[in-house]
Each structure stands twice: as structure tokens, then as C-alpha cells.
file query_0.cif (mmCIF, C-alpha atoms)
data_model
loop_
_atom_site.label_atom_id
_atom_site.label_comp_id
_atom_site.auth_asym_id
_atom_site.auth_seq_id
_atom_site.Cartn_x
_atom_site.Cartn_y
_atom_site.Cartn_z
CA MET M 213 0.00 0.00 0.00
CA SER M 214 1.40 3.39 -1.00
CA PHE M 215 0.62 6.73 0.62
CA ASP M 216 0.67 9.51 -1.97
CA TYR M 217 0.31 13.09 -0.72
CA GLY M 218 0.99 14.88 -3.99
CA GLU M 219 4.33 16.56 -3.31
CA PHE M 220 5.67 13.49 -1.49
CA SER M 221 4.81 9.86 -0.84
CA PHE M 222 5.74 6.99 1.47
CA ASP M 223 5.54 3.25 1.03
CA SER M 224 4.40 2.57 4.60
CA LYS M 225 4.06 3.93 8.11
CA GLU M 226 7.20 2.00 9.04
CA GLN M 227 9.11 3.92 6.38
CA VAL M 228 7.89 7.22 7.84
CA LEU M 229 9.11 6.24 11.30
CA GLU M 230 12.45 5.10 9.90
CA LYS M 231 13.00 8.35 8.01
CA SER M 232 11.74 10.37 10.98
CA ARG M 233 14.52 8.85 13.08
CA GLU M 234 17.08 9.48 10.37
CA PHE M 235 16.21 13.01 9.29
CA TRP M 236 14.04 14.59 11.98
CA ASN M 237 14.14 13.68 15.68
CA PRO M 238 15.33 10.22 16.75
CA GLY M 239 14.76 10.87 20.46
CA LYS M 240 11.14 11.94 20.12
CA THR M 241 10.31 9.31 17.50
CA ASP M 242 11.66 6.47 19.64
CA PHE M 243 10.06 7.84 22.80
CA TRP M 244 6.55 7.57 21.41
CA VAL M 245 7.06 4.19 19.78
CA GLU M 246 8.50 2.79 23.02
CA SER M 247 5.64 4.39 24.99
CA GLY M 248 3.10 2.41 23.01
CA VAL M 249 1.91 5.40 21.00
CA PRO M 250 3.35 4.88 17.49
CA LEU M 251 1.20 7.68 16.12
CA VAL M 252 1.77 9.20 12.68
CA ILE M 253 -1.10 11.58 12.06
CA ASP M 254 -2.62 11.41 8.60
CA ARG M 255 -6.16 12.65 8.06
CA ARG M 256 -7.65 15.03 10.59
CA GLU M 257 -11.07 16.69 10.90
CA ASP M 258 -13.33 18.06 13.63
CA TYR M 259 -12.01 16.60 16.91
CA PHE M 260 -10.63 13.47 15.30
CA ILE M 261 -7.16 12.53 14.12
CA TYR M 262 -6.40 9.41 12.11
CA ASP M 263 -3.19 7.42 12.20
CA MET M 264 -1.69 6.26 8.90
CA SER M 265 -3.08 2.83 9.80
CA GLY M 266 -6.58 4.30 9.76
CA LYS M 267 -6.95 4.23 13.55
CA ARG M 268 -9.32 6.99 14.67
CA LEU M 269 -8.58 9.00 17.81
CA LEU M 270 -10.81 11.50 19.61
CA ASP M 271 -8.36 14.32 20.33
CA VAL M 272 -8.37 15.78 23.85
CA HIS M 273 -4.75 16.84 23.71
CA LEU M 274 -5.41 19.38 20.95
CA ASN M 275 -1.69 20.12 20.67
CA GLY M 276 -1.90 22.20 23.82
CA GLY M 277 -5.14 23.88 22.76
CA THR M 278 -4.11 24.70 19.19
CA TYR M 279 -7.19 22.84 17.99
CA ASN M 280 -9.72 24.34 20.42
CA LEU M 281 -12.10 24.74 17.47
CA GLY M 282 -11.31 21.33 16.03
CA HIS M 283 -8.98 20.27 13.26
CA ARG M 284 -9.35 22.19 10.01
CA ASN M 285 -12.31 24.12 11.36
CA PRO M 286 -14.39 24.84 8.22
CA GLU M 287 -14.91 28.54 9.02
CA VAL M 288 -11.24 29.21 9.75
CA ALA M 289 -10.11 27.15 6.75
CA SER M 290 -12.52 29.00 4.49
CA ALA M 291 -11.35 32.39 5.77
CA VAL M 292 -7.69 31.52 5.12
CA ALA M 293 -8.42 30.01 1.71
CA SER M 294 -10.37 33.08 0.67
CA ALA M 295 -7.67 35.40 1.99
CA MET M 296 -5.02 33.70 -0.13
CA SER M 297 -6.53 35.36 -3.20
CA HIS M 298 -5.41 38.72 -1.77
CA PHE M 299 -2.91 38.21 1.08
CA ASP M 300 0.30 36.32 1.77
CA VAL M 301 2.77 36.53 4.68
CA GLY M 302 3.13 40.27 4.15
CA ASN M 303 6.05 42.54 4.99
CA HIS M 304 6.88 43.00 8.67
CA HIS M 305 8.30 46.51 8.19
CA PHE M 306 5.11 48.31 7.17
CA PRO M 307 1.66 49.00 8.58
CA ALA M 308 -0.58 46.16 7.43
CA LEU M 309 -4.29 45.77 6.87
CA THR M 310 -4.69 42.48 8.69
CA ARG M 311 -2.26 43.14 11.55
CA THR M 312 -4.03 46.39 12.32
CA ALA M 313 -7.49 44.80 12.19
CA LEU M 314 -6.46 41.92 14.46
CA ALA M 315 -4.71 44.22 16.92
CA GLU M 316 -7.86 46.30 17.28
CA ALA M 317 -9.98 43.17 17.73
CA LEU M 318 -7.64 41.77 20.37
CA ILE M 319 -7.55 45.00 22.36
CA SER M 320 -11.32 45.38 22.18
CA THR M 321 -11.73 41.97 23.86
CA ALA M 322 -8.75 42.19 26.23
CA PRO M 323 -8.64 42.86 29.98
CA ALA M 324 -8.80 46.56 30.82
CA GLY M 325 -5.62 48.54 30.42
CA LEU M 326 -4.07 46.64 27.52
CA THR M 327 -3.67 48.96 24.55
CA LYS M 328 -1.00 47.70 22.11
CA VAL M 329 -0.17 44.44 20.33
CA ALA M 330 3.11 42.96 19.09
CA TYR M 331 3.19 39.72 17.11
CA GLY M 332 5.22 36.53 17.01
CA SER M 333 4.91 33.33 15.04
CA GLY M 334 4.66 31.07 18.11
CA GLY M 335 4.22 31.15 21.86
CA GLY M 336 7.93 30.97 22.73
CA GLU M 337 8.71 33.98 20.57
CA ALA M 338 5.82 35.88 22.13
CA ILE M 339 7.13 35.10 25.62
CA ASP M 340 10.53 36.46 24.57
CA ILE M 341 8.85 39.67 23.42
CA ALA M 342 7.00 39.92 26.74
CA LEU M 343 10.16 39.45 28.79
CA LYS M 344 12.14 41.95 26.71
CA THR M 345 9.26 44.39 27.08
CA ALA M 346 9.27 44.02 30.88
CA ARG M 347 13.03 44.56 31.05
CA HIS M 348 12.81 47.68 28.92
CA THR M 349 9.91 49.10 30.93
CA THR M 350 11.44 48.56 34.37
CA GLN M 351 15.13 48.72 33.42
CA ARG M 352 15.56 45.58 35.53
CA ARG M 353 16.86 42.17 34.41
CA LYS M 354 15.47 39.66 36.90
CA ILE M 355 12.46 37.49 35.98
CA VAL M 356 10.42 35.41 38.45
CA SER M 357 8.50 32.33 37.34
CA VAL M 358 7.17 29.26 39.15
CA VAL M 359 8.93 25.97 39.74
CA LYS M 360 8.05 23.46 36.98
CA ALA M 361 6.94 26.32 34.74
CA TYR M 362 6.84 26.01 30.99
CA HIS M 363 6.79 29.06 28.74
CA GLY M 364 8.44 27.73 25.58
CA HIS M 365 11.88 26.77 24.32
CA THR M 366 13.19 29.96 22.74
CA GLY M 367 16.02 32.15 24.05
CA LEU M 368 14.62 33.88 27.13
CA ALA M 369 11.51 31.70 27.46
CA VAL M 370 13.44 28.49 28.13
CA ALA M 371 15.21 30.10 31.11
CA THR M 372 11.86 30.72 32.82
CA GLY M 373 11.00 27.03 32.71
CA ASP M 374 12.07 23.76 34.28
CA GLU M 375 15.80 23.07 34.47
CA ARG M 376 15.34 19.93 32.37
CA PHE M 377 15.28 22.16 29.31
CA SER M 378 17.20 25.26 30.45
CA LYS M 379 20.27 23.25 31.50
CA LEU M 380 20.26 21.26 28.28
CA PHE M 381 21.06 24.41 26.32
CA LEU M 382 23.13 26.16 29.04
CA SER M 383 20.34 28.69 29.56
CA ASP M 384 19.93 28.25 33.32
CA ARG M 385 20.81 31.60 34.88
CA PRO M 386 19.74 31.64 38.53
CA ASP M 387 21.03 35.19 39.01
CA GLU M 388 18.51 36.49 36.44
CA PHE M 389 15.76 33.84 36.40
CA VAL M 390 14.31 32.99 39.81
CA HIS M 391 11.88 30.11 40.33
CA VAL M 392 9.44 29.99 43.25
CA PRO M 393 6.89 27.30 44.17
CA PHE M 394 3.39 27.77 42.80
CA ASN M 395 0.82 28.90 45.39
CA ASP M 396 3.61 29.96 47.82
CA LEU M 397 3.04 33.64 48.59
CA THR M 398 5.86 33.78 51.13
CA ALA M 399 8.38 32.69 48.50
CA MET M 400 6.93 35.12 45.97
CA GLU M 401 7.13 38.05 48.38
CA GLU M 402 10.70 37.17 49.25
CA ALA M 403 11.63 37.05 45.55
CA LEU M 404 10.19 40.52 45.00
CA ARG M 405 11.49 42.11 48.18
CA GLY M 406 14.68 43.45 46.59
CA ARG M 407 12.68 45.58 44.13
CA ASP M 408 14.94 44.34 41.32
CA VAL M 409 12.47 42.10 39.45
CA ALA M 410 11.30 43.16 36.00
CA ALA M 411 8.38 40.76 35.79
CA VAL M 412 6.57 37.84 37.31
CA ILE M 413 5.42 35.50 34.55
CA MET M 414 2.87 32.78 35.19
CA GLU M 415 0.44 30.64 33.28
CA THR M 416 -2.92 31.26 34.86
CA ILE M 417 -3.05 27.47 35.31
CA PRO M 418 0.38 25.86 34.69
CA ALA M 419 -0.23 23.31 31.93
CA THR M 420 2.94 21.27 31.62
CA TYR M 421 3.00 20.96 35.42
CA GLY M 422 -0.37 19.20 35.30
CA PHE M 423 -2.80 22.12 35.70
CA PRO M 424 -2.46 22.75 39.46
CA LEU M 425 -5.15 25.28 40.27
CA PRO M 426 -4.25 28.58 41.93
CA GLU M 427 -5.47 28.71 45.51
CA PRO M 428 -8.18 31.31 46.21
CA GLY M 429 -6.61 34.76 46.27
CA TYR M 430 -3.16 33.59 45.15
CA LEU M 431 -2.99 35.26 41.75
CA GLU M 432 -4.71 38.37 43.05
CA THR M 433 -2.12 38.71 45.81
CA VAL M 434 0.76 38.14 43.39
CA LYS M 435 -0.57 40.98 41.25
CA ARG M 436 -0.81 43.22 44.31
CA LEU M 437 2.78 42.33 45.30
CA CYS M 438 3.93 43.18 41.78
CA GLU M 439 2.31 46.60 42.03
CA GLN M 440 3.90 47.22 45.42
CA HIS M 441 7.39 46.37 44.16
CA GLY M 442 7.31 48.02 40.73
CA THR M 443 7.21 44.65 38.93
CA LEU M 444 5.14 43.85 35.84
CA TYR M 445 2.69 40.94 35.82
CA ILE M 446 2.81 38.82 32.66
CA ALA M 447 -0.17 36.50 32.18
CA ASP M 448 0.74 33.56 29.93
CA GLU M 449 -2.65 32.70 28.43
CA VAL M 450 -1.30 30.54 25.61
CA GLN M 451 -3.20 27.51 26.92
CA THR M 452 -5.82 29.04 29.23
CA GLY M 453 -7.04 31.77 26.89
CA LEU M 454 -9.63 31.82 24.13
CA MET M 455 -12.63 30.63 26.16
CA ARG M 456 -11.10 27.46 27.63
CA THR M 457 -12.06 28.52 31.16
CA GLY M 458 -15.48 29.79 30.12
CA GLU M 459 -14.14 33.32 29.77
CA LEU M 460 -12.17 34.60 26.79
CA TRP M 461 -9.10 35.10 29.01
CA GLY M 462 -8.70 32.97 32.12
CA ILE M 463 -7.02 35.77 34.07
CA THR M 464 -10.20 37.86 34.02
CA LYS M 465 -11.91 35.28 36.24
CA HIS M 466 -9.54 36.53 38.94
CA GLY M 467 -10.36 40.18 38.33
CA ILE M 468 -6.78 40.85 37.24
CA SER M 469 -5.70 43.25 34.52
CA PRO M 470 -2.15 42.11 33.70
CA ASP M 471 0.51 44.48 32.42
CA ILE M 472 1.23 42.04 29.58
CA LEU M 473 -0.82 39.13 28.24
CA VAL M 474 0.51 36.47 25.87
CA ALA M 475 -1.73 34.55 23.46
CA GLY M 476 -0.80 31.75 21.09
CA LYS M 477 -1.66 28.15 20.16
CA GLY M 478 -5.46 28.36 19.81
CA LEU M 479 -5.21 31.86 18.35
CA SER M 480 -4.20 30.31 15.04
CA GLY M 481 -7.27 28.11 14.77
CA GLY M 482 -4.73 25.42 13.97
CA MET M 483 -4.44 26.77 10.43
CA TYR M 484 -1.55 29.25 10.38
CA PRO M 485 1.12 30.08 13.01
CA ILE M 486 0.58 33.28 14.95
CA SER M 487 0.98 34.57 18.51
CA ALA M 488 0.38 37.92 20.13
CA VAL M 489 1.62 40.01 23.05
CA LEU M 490 -0.88 42.47 24.48
CA MET M 491 0.68 45.31 26.47
CA SER M 492 -0.38 48.19 28.66
CA GLU M 493 0.47 51.67 27.45
CA GLN M 494 3.29 51.86 29.99
CA ALA M 495 4.78 48.53 28.93
CA ALA M 496 4.45 49.34 25.23
CA GLY M 497 6.79 52.33 25.40
CA TRP M 498 9.45 50.69 23.25
CA LEU M 499 7.03 50.60 20.30
CA THR M 500 7.20 54.40 20.23
CA GLU M 501 10.84 54.73 21.26
CA ASP M 502 12.07 52.29 18.60
CA GLY M 503 9.43 50.48 16.61
CA PHE M 504 12.13 48.27 15.14
CA GLY M 505 13.02 46.97 18.61
CA HIS M 506 11.63 43.53 17.78
CA ILE M 507 11.67 42.27 14.21
CA SER M 508 10.00 39.02 13.17
CA THR M 509 9.67 38.13 9.50
CA PHE M 510 6.78 35.76 10.12
CA GLY M 511 5.40 37.37 13.28
CA GLY M 512 1.87 38.54 12.55
CA ALA M 513 1.92 36.99 9.08
CA GLU M 514 -1.14 38.37 7.33
CA LEU M 515 -2.71 34.98 6.60
CA GLY M 516 -2.22 34.15 10.28
CA CYS M 517 -4.04 37.35 11.20
CA ILE M 518 -7.00 36.29 9.08
CA ALA M 519 -7.08 32.91 10.84
CA ALA M 520 -6.88 34.67 14.21
CA LEU M 521 -9.64 37.16 13.39
CA LYS M 522 -12.03 34.34 12.53
CA THR M 523 -10.94 32.31 15.56
CA LEU M 524 -11.45 35.27 17.89
CA GLU M 525 -14.89 35.91 16.44
CA ILE M 526 -15.93 32.26 16.92
CA CYS M 527 -14.60 32.18 20.48
CA ASN M 528 -16.54 35.34 21.36
CA ARG M 529 -19.92 34.04 20.20
CA PRO M 530 -22.45 33.64 23.04
CA GLU M 531 -23.23 30.12 21.84
CA THR M 532 -19.56 29.18 22.15
CA ARG M 533 -19.48 30.37 25.75
CA SER M 534 -22.64 28.38 26.44
CA MET M 535 -21.11 25.30 24.83
CA VAL M 536 -18.01 25.55 27.01
CA HIS M 537 -20.18 25.71 30.12
CA TYR M 538 -22.14 22.65 28.94
CA ILE M 539 -18.99 20.63 28.16
CA SER M 540 -17.38 21.66 31.43
CA ASP M 541 -20.40 20.57 33.43
CA ARG M 542 -21.11 17.32 31.58
CA VAL M 543 -17.55 16.06 31.33
CA GLY M 544 -16.75 17.21 34.86
CA ARG M 545 -19.75 15.31 36.27
CA GLY M 546 -18.88 12.25 34.24
CA LEU M 547 -15.29 12.26 35.43
CA ARG M 548 -16.39 12.54 39.06
CA GLU M 549 -18.66 9.52 38.56
CA ILE M 550 -15.73 7.54 37.16
CA GLN M 551 -13.51 8.71 40.01
CA ALA M 552 -16.03 7.41 42.54
CA ASP M 553 -15.56 3.91 41.11
CA TYR M 554 -11.75 4.03 41.28
CA PRO M 555 -10.95 6.28 44.27
CA ASP M 556 -7.63 4.57 45.06
CA TRP M 557 -6.39 5.06 41.50
CA PHE M 558 -8.09 8.15 40.05
CA VAL M 559 -7.36 10.47 42.97
CA GLY M 560 -7.93 14.01 41.70
CA ILE M 561 -9.64 16.21 39.12
CA ARG M 562 -8.22 19.67 38.51
CA GLN M 563 -10.74 21.62 36.49
CA ASN M 564 -11.49 25.15 35.41
CA GLY M 565 -13.87 25.11 32.46
CA VAL M 566 -12.47 22.68 29.90
CA VAL M 567 -8.97 22.99 31.32
CA MET M 568 -8.63 19.63 33.07
CA GLY M 569 -5.89 17.63 34.75
CA LEU M 570 -6.65 14.08 35.90
CA GLU M 571 -4.46 12.95 38.79
CA PHE M 572 -3.53 9.30 39.42
CA ALA M 573 -1.95 7.61 42.42
CA HIS M 574 1.09 6.12 40.67
CA PRO M 575 4.09 8.46 40.06
CA GLN M 576 3.84 7.61 36.34
CA GLY M 577 0.08 7.02 36.43
CA ALA M 578 -0.89 9.29 33.55
CA LYS M 579 1.38 7.34 31.19
CA TYR M 580 -0.54 4.14 31.95
CA VAL M 581 -3.86 5.87 31.33
CA MET M 582 -2.55 7.56 28.19
CA ARG M 583 -1.59 4.21 26.65
CA HIS M 584 -4.99 2.69 27.39
CA LEU M 585 -6.80 5.75 26.08
CA TYR M 586 -4.76 5.51 22.89
CA ALA M 587 -5.64 1.84 22.52
CA ASN M 588 -9.30 2.75 23.07
CA GLY M 589 -9.45 5.60 20.54
CA VAL M 590 -8.68 8.73 22.60
CA TRP M 591 -5.56 10.87 22.47
CA ALA M 592 -4.58 12.69 25.67
CA ILE M 593 -1.05 13.31 26.93
CA PHE M 594 0.65 13.01 30.30
CA SER M 595 2.03 16.16 31.93
CA THR M 596 5.73 16.32 31.12
CA LEU M 597 6.73 17.76 34.48
CA ASP M 598 4.30 15.72 36.60
CA PRO M 599 3.47 12.39 34.93
CA ARG M 600 0.96 11.55 37.65
CA VAL M 601 -1.36 13.97 35.87
CA LEU M 602 -3.05 13.53 32.51
CA GLN M 603 -3.69 16.66 30.46
CA TYR M 604 -7.30 16.24 29.39
CA LYS M 605 -8.56 19.07 27.23
CA PRO M 606 -11.89 18.70 25.44
CA GLY M 607 -12.44 21.11 22.56
CA ILE M 608 -14.66 24.12 23.16
CA LEU M 609 -17.14 23.06 20.46
CA LEU M 610 -17.31 19.36 21.36
CA LYS M 611 -20.78 18.04 20.55
CA PRO M 612 -22.87 16.40 23.29
CA GLU M 613 -22.67 12.96 21.67
CA LEU M 614 -18.88 13.20 21.60
CA CYS M 615 -18.86 14.15 25.27
CA GLU M 616 -20.66 10.88 25.98
CA GLU M 617 -18.31 8.89 23.76
CA LEU M 618 -15.31 10.49 25.43
CA LEU M 619 -16.55 9.59 28.91
CA ASP M 620 -17.32 6.00 27.92
CA ARG M 621 -13.87 5.51 26.43
CA THR M 622 -12.21 7.22 29.37
CA GLU M 623 -13.89 4.91 31.89
CA VAL M 624 -12.64 1.86 29.99
CA ALA M 625 -9.08 3.22 29.88
CA ILE M 626 -9.05 4.09 33.57
CA ARG M 627 -10.42 0.67 34.49
CA LYS M 628 -7.85 -1.16 32.36
CA SER M 629 -4.94 0.98 33.53
CA TRP M 630 -5.89 0.35 37.16
CA ALA M 631 -5.99 -3.38 36.51
CA GLU M 632 -2.57 -3.22 34.84
CA VAL M 633 -1.02 -1.34 37.75
CA ARG M 634 -2.48 -3.74 40.31
CA GLU M 635 -1.20 -6.73 38.35
CA SER M 636 2.29 -5.22 38.41
CA GLY M 637 2.24 -5.45 42.20
CA TRP M 638 2.51 -1.70 42.67
CA ARG M 639 -0.49 -1.44 44.97
CA ALA M 640 0.82 -4.15 47.31
CA GLU M 641 4.22 -2.47 47.44
CA LYS M 642 2.59 0.86 48.21
CA ALA M 643 0.49 -0.67 50.97
CA SER M 644 3.54 -2.30 52.55
#
call {"tool": "encode", "arguments": {"input": "query_0.cif", "output": "C-alpha cells"}}
result
Amino acid sequence: MSFDYGEFSFDSKEQVLEKSREFWNPGKTDFWVESGVPLVIDRREDYFIYDMSGKRLLDVHLNGGTYNLGHRNPEVASAVASAMSHFDVGNHHFPALTRTALAEALISTAPAGLTKVAYGSGGGEAIDIALKTARHTTQRRKIVSVVKAYHGHTGLAVATGDERFSKLFLSDRPDEFVHVPFNDLTAMEEALRGRDVAAVIMETIPATYGFPLPEPGYLETVKRLCEQHGTLYIADEVQTGLMRTGELWGITKHGISPDILVAGKGLSGGMYPISAVLMSEQAAGWLTEDGFGHISTFGGAELGCIAALKTLEICNRPETRSMVHYISDRVGRGLREIQADYPDWFVGIRQNGVVMGLEFAHPQGAKYVMRHLYANGVWAIFSTLDPRVLQYKPGILLKPELCEELLDRTEVAIRKSWAEVRESGWRAEKAS
């Protein structure tokens, strides 16, 4: 059987994996094969992805929320296809029709106080822009983030995250990048006490750390501490933005107006790379001082702006908000019912809207569940920095019948993973 994709073809899935090891990324390719997830995505539509073998998977990983609206959302795809008769990437030096229109739309829907937009092509680049902006505004170098944070892999962004990645590329700089435990206000206040911190950067709910929820009042107090110490607050909404919490931006549920807000992933509608940094007038000073301060050939590419305009419009529809509330309630209730049947195994549900982390008792528990979900037609991923927790992210337009299918398949996977762990003797060892 041959797989012909027009500009290229492969003889088999095995050939793809072989060439992926040879020419692309041997470590990542082998990791997934050895993990029991030999996935090579072929066809994709709605909330389904299909392996080259034809295996269908209901996607609740969504590539970190990139596919909030589903794969190849017809409205976003149509908008981009139509735009290609007039627009291309554009020229980053000049005022642009689409960049201007998207910037206005973003600001009109943003938390109060944000007035300017700068663009990147991905979340990591946007985080770099945000950090550079904070340093320029405050004339300070130090950045505070949380332990086990993840804000991307680019130059400054990787230093804000877990040492697993920062040390790999010699980017760990403890004198400039300070990490404090999440939900620890004492540690945060101590980090800010010297009045030498440019910015505190936090995901509203840290994704790669397994979606631990902020304790009541935590984020609000961090913002107040920032104001007291002349530090900017950067809200990383790459995964929690665009209606995933039931509000367009998760940070607004805490009544916080950040100095800088970063959007990415779902902003593209999964159709064209784009990210955005929304800034207060104070933070945006460099745009007036030297508008060439950040240059990105593909940042704010005009076709990406078209995708983002349509995505933003869909996310802002009242019916979309209503759908998120329905999905959140139905899937949340269903998960709690499953949890009641396996309380020693399925030990926690971290949920805010359709941002969900499922916690299991084994230190690698989410990997077991992930494999059984994959075998049973669902794709969800373990949390890289806390593999007890499964990242479980239903799309914001998931139809009611797919909610039911998802819950049925999830119960089977949790039951089978629990049986596998018990058969391994882990439970007896734990009890002893």
C-alpha cells in the first residue's frame, strides 16, 4: 500500500518512522514508539485525528489547545483560503491591513488597560517579546517564574521554565531567572522584596506541570505584590485563553488586569502560526521609542491574522461560551462519577472550564492511562513535568454525543490501567 500526498509519498508507516529517526528527531520518535503510542497523524477533521493505519482518535490533547475549534475548522479554513486570493505573509516593516485589524480586535476583547499588540509566530517567541518588554519598561533584568513552569523553548523563554530544558542548552541563569513554588506567597514576596524584578510570569493554570489550580486569592495577591514592588505581571494565556475557562481570558476570572498578556496556540485556529503580546500603554513604550526593537519576518503573518480574526470571532460568540459551560459541566460530572468507582487510583480532578488535569496515584500514572486511552481511541497526553497527571482538554465546540463517547472511552481506559497497575504489584508495594 502506498501513501501519496501529492508533493511526497511513502511506502508505509514503518518507512515514515524510519525516516523520521534518520532526518528529523530520533529521540522523540523512539520515545513515542517505546511508549506504546506509534502515532503518525494522517487525516484530521473536527475533533478526530487518524493514524496512517486508519486508527481513529478522539483528540483531547489538541496540541496544547491549538485545535480548540477542532482540526481544520471549516470557518477558519474558508477564511484563510479566501484570503489567499489577496494576502500572503506580508512585509513585517510596514503597517498592514490584517495586523491592524487583528490588533484592534484583540484590544477590544482584552482585559482593561491593555492597549497595544506585538506579534510573534509562536508562543515561545511571544514570551521572549513579553520578557524583553518588561526589562525595557522597568530597566531591571530579573524574571520570576514558578517551579516546573513552561513558557516555551526559545532564548529567554526556556530560562523561565524547568531546568530539564534550560540546563540542556546552558540557559539556566539563577542570578537572572528565579523560580518559586506555585501557590507559595511567602516565596513570591521574598523574591520581589529586593525591588529588582522586571516581571513575574505565570500561566494562569500551569499546563505542563499538570494544571495545578491557583489557591483562592493567590494570583490576586501576586498581582498586588507586583504593584507594590514596581514589577510587571505577565499572564501567559497561551493555553488558558480563548474561552477554555469559560471566559475569553482565564485571568479575568480573577479580576486581574495584567501588564502584559501572551496569546498563542489556539489563536491560530490550527491553520496558520501566529501569537500575540498584548501590552499596557506603559509597557508598550518601546514601540514608540524604537518600533524596530523587535523584528520578526513571520510574526503577525497576514494569513495568520485572518485565521486569528475568525478564531477570535468564533470564540466570542455567546453560543460558544454556552457550549463551554455545557462541556465543562457534563464532562466534569462524568469524570467525578468515574472517580467514585476508582478512588484509590483516580485520585484528583483539577478543572477550570475545559482545562482539566486528571491525577492518578502512581508516580507515572498518567502514562498508563494515556496508553490505554490511545488503545481505546482517545488521544490525551501526560504532563511532562508531573506524569501523575493527565492533560485532558476537550475542545470548546465538542458536541454532546462526543462528550458521551469520550466519557465511555475514558472509563474503559481508567479501568484497564488500574488493573494493569495492580497486576504489576505496585499497589501491594505501596500498601507495605
call {"tool": "resolve_selection", "arguments": {"input": "query_0.cif", "expression": "the PyMOL selection byres ((chain M and resi 249) around 10)", "output": "list in words"}}
result
Thr241, Asp242, Phe243, Trp244, Val245, Glu246, Ser247, Gly248, Pro250, Leu251, Val252, Met582, Arg583, His584, Tyr586, Ala587 and Trp591 of chain M
call {"tool": "closest_residue", "arguments": {"input": "query_0.cif", "among": "M:Thr443, M:Ser508, M:Thr327, M:Thr622", "to": "Ile413 (chain M)", "atoms": "all atoms listed in the file"}}
result
M:Thr443
call {"tool": "resolve_selection", "arguments": {"input": "query_0.cif", "expression": "the PyMOL selection byres ((chain M and resi 406) around 12)", "output": "VMD selection string"}}
result
chain M and resid 352 354 400 to 405 407 to 410 438 440 to 443
call {"tool": "atom_distance", "arguments": {"input": "query_0.cif", "atom1": "CA of Arg533 (chain M)", "atom2": "CA of Ile608 (chain M)"}}
result
8.3 Å
call {"tool": "closest_residue", "arguments": {"input": "query_0.cif", "among": "M:Ala519, M:Leu479, M:Ala573, M:Ile468", "to": "Gly453 (chain M)", "atoms": "all atoms listed in the file"}}
result
M:Leu479
call {"tool": "closest_residue", "arguments": {"input": "query_0.cif", "among": "M:Ile539, M:Met213, M:Leu454, M:Leu521", "to": "Thr278 (chain M)", "atoms": "all atoms listed in the file"}}
result
M:Leu454
call {"tool": "atom_distance", "arguments": {"input": "query_0.cif", "atom1": "CA of Arg562 (chain M)", "atom2": "CA of Gly429 (chain M)"}}
result
17.0 Å
call {"tool": "atom_distance", "arguments": {"input": "query_0.cif", "atom1": "CA of Gly589 (chain M)", "atom2": "CA of Leu270 (chain M)"}}
result
6.1 Å
call {"tool": "residues_around", "arguments": {"input": "query_0.cif", "residues": "region 499-505 of chain M", "least_positions_apart": "6", "cutoff": "12 Å", "atoms": "all atoms listed in the file", "output": "number ranges by chain"}}
result
M: 304-307, 327-331, 341, 344-345, 348-349, 491-493
call {"tool": "write_last_selection", "arguments": {"input": "query_0.cif", "atoms": "C-alpha atoms", "output": "JSON list (two decimals), keeping the file's coordinate frame"}}
result
[["chain", "number", "residue", "atom", "x", "y", "z"],
["M", 304, "HIS", "CA", 6.88, 43.00, 8.67],
["M", 305, "HIS", "CA", 8.30, 46.51, 8.19],
["M", 306, "PHE", "CA", 5.11, 48.31, 7.17],
["M", 307, "PRO", "CA", 1.66, 49.00, 8.58],
["M", 327, "THR", "CA", -3.67, 48.96, 24.55],
["M", 328, "LYS", "CA", -1.00, 47.70, 22.11],
["M", 329, "VAL", "CA", -0.17, 44.44, 20.33],
["M", 330, "ALA", "CA", 3.11, 42.96, 19.09],
["M", 331, "TYR", "CA", 3.19, 39.72, 17.11],
["M", 341, "ILE", "CA", 8.85, 39.67, 23.42],
["M", 344, "LYS", "CA", 12.14, 41.95, 26.71],
["M", 345, "THR", "CA", 9.26, 44.39, 27.08],
["M", 348, "HIS", "CA", 12.81, 47.68, 28.92],
["M", 349, "THR", "CA", 9.91, 49.10, 30.93],
["M", 491, "MET", "CA", 0.68, 45.31, 26.47],
["M", 492, "SER", "CA", -0.38, 48.19, 28.66],
["M", 493, "GLU", "CA", 0.47, 51.67, 27.45]]
call {"tool": "resolve_selection", "arguments": {"input": "query_0.cif", "expression": "the PyMOL selection byres ((chain M and resi 367) around 10)", "output": "list in words"}}
result
Gly336, Glu337, Ile339, Asp340, Gly364, His365, Thr366, Leu368, Ala369, Val370, Ala371, Thr372, Ser378, Phe381 and Ser383 of chain M
call {"tool": "decode", "arguments": {"input": "query_0.cif", "residues": "region 313-329 of chain M", "atoms": "C-alpha atoms", "output": "CSV table (one decimal), in the first residue's frame"}}
result
chain,number,residue,atom,x,y,z
M,313,ALA,CA,-7.5,44.8,12.2
M,314,LEU,CA,-6.5,41.9,14.5
M,315,ALA,CA,-4.7,44.2,16.9
M,316,GLU,CA,-7.9,46.3,17.3
M,317,ALA,CA,-10.0,43.2,17.7
M,318,LEU,CA,-7.6,41.8,20.4
M,319,ILE,CA,-7.6,45.0,22.4
M,320,SER,CA,-11.3,45.4,22.2
M,321,THR,CA,-11.7,42.0,23.9
M,322,ALA,CA,-8.7,42.2,26.2
M,323,PRO,CA,-8.6,42.9,30.0
M,324,ALA,CA,-8.8,46.6,30.8
M,325,GLY,CA,-5.6,48.5,30.4
M,326,LEU,CA,-4.1,46.6,27.5
M,327,THR,CA,-3.7,49.0,24.6
M,328,LYS,CA,-1.0,47.7,22.1
M,329,VAL,CA,-0.2,44.4,20.3
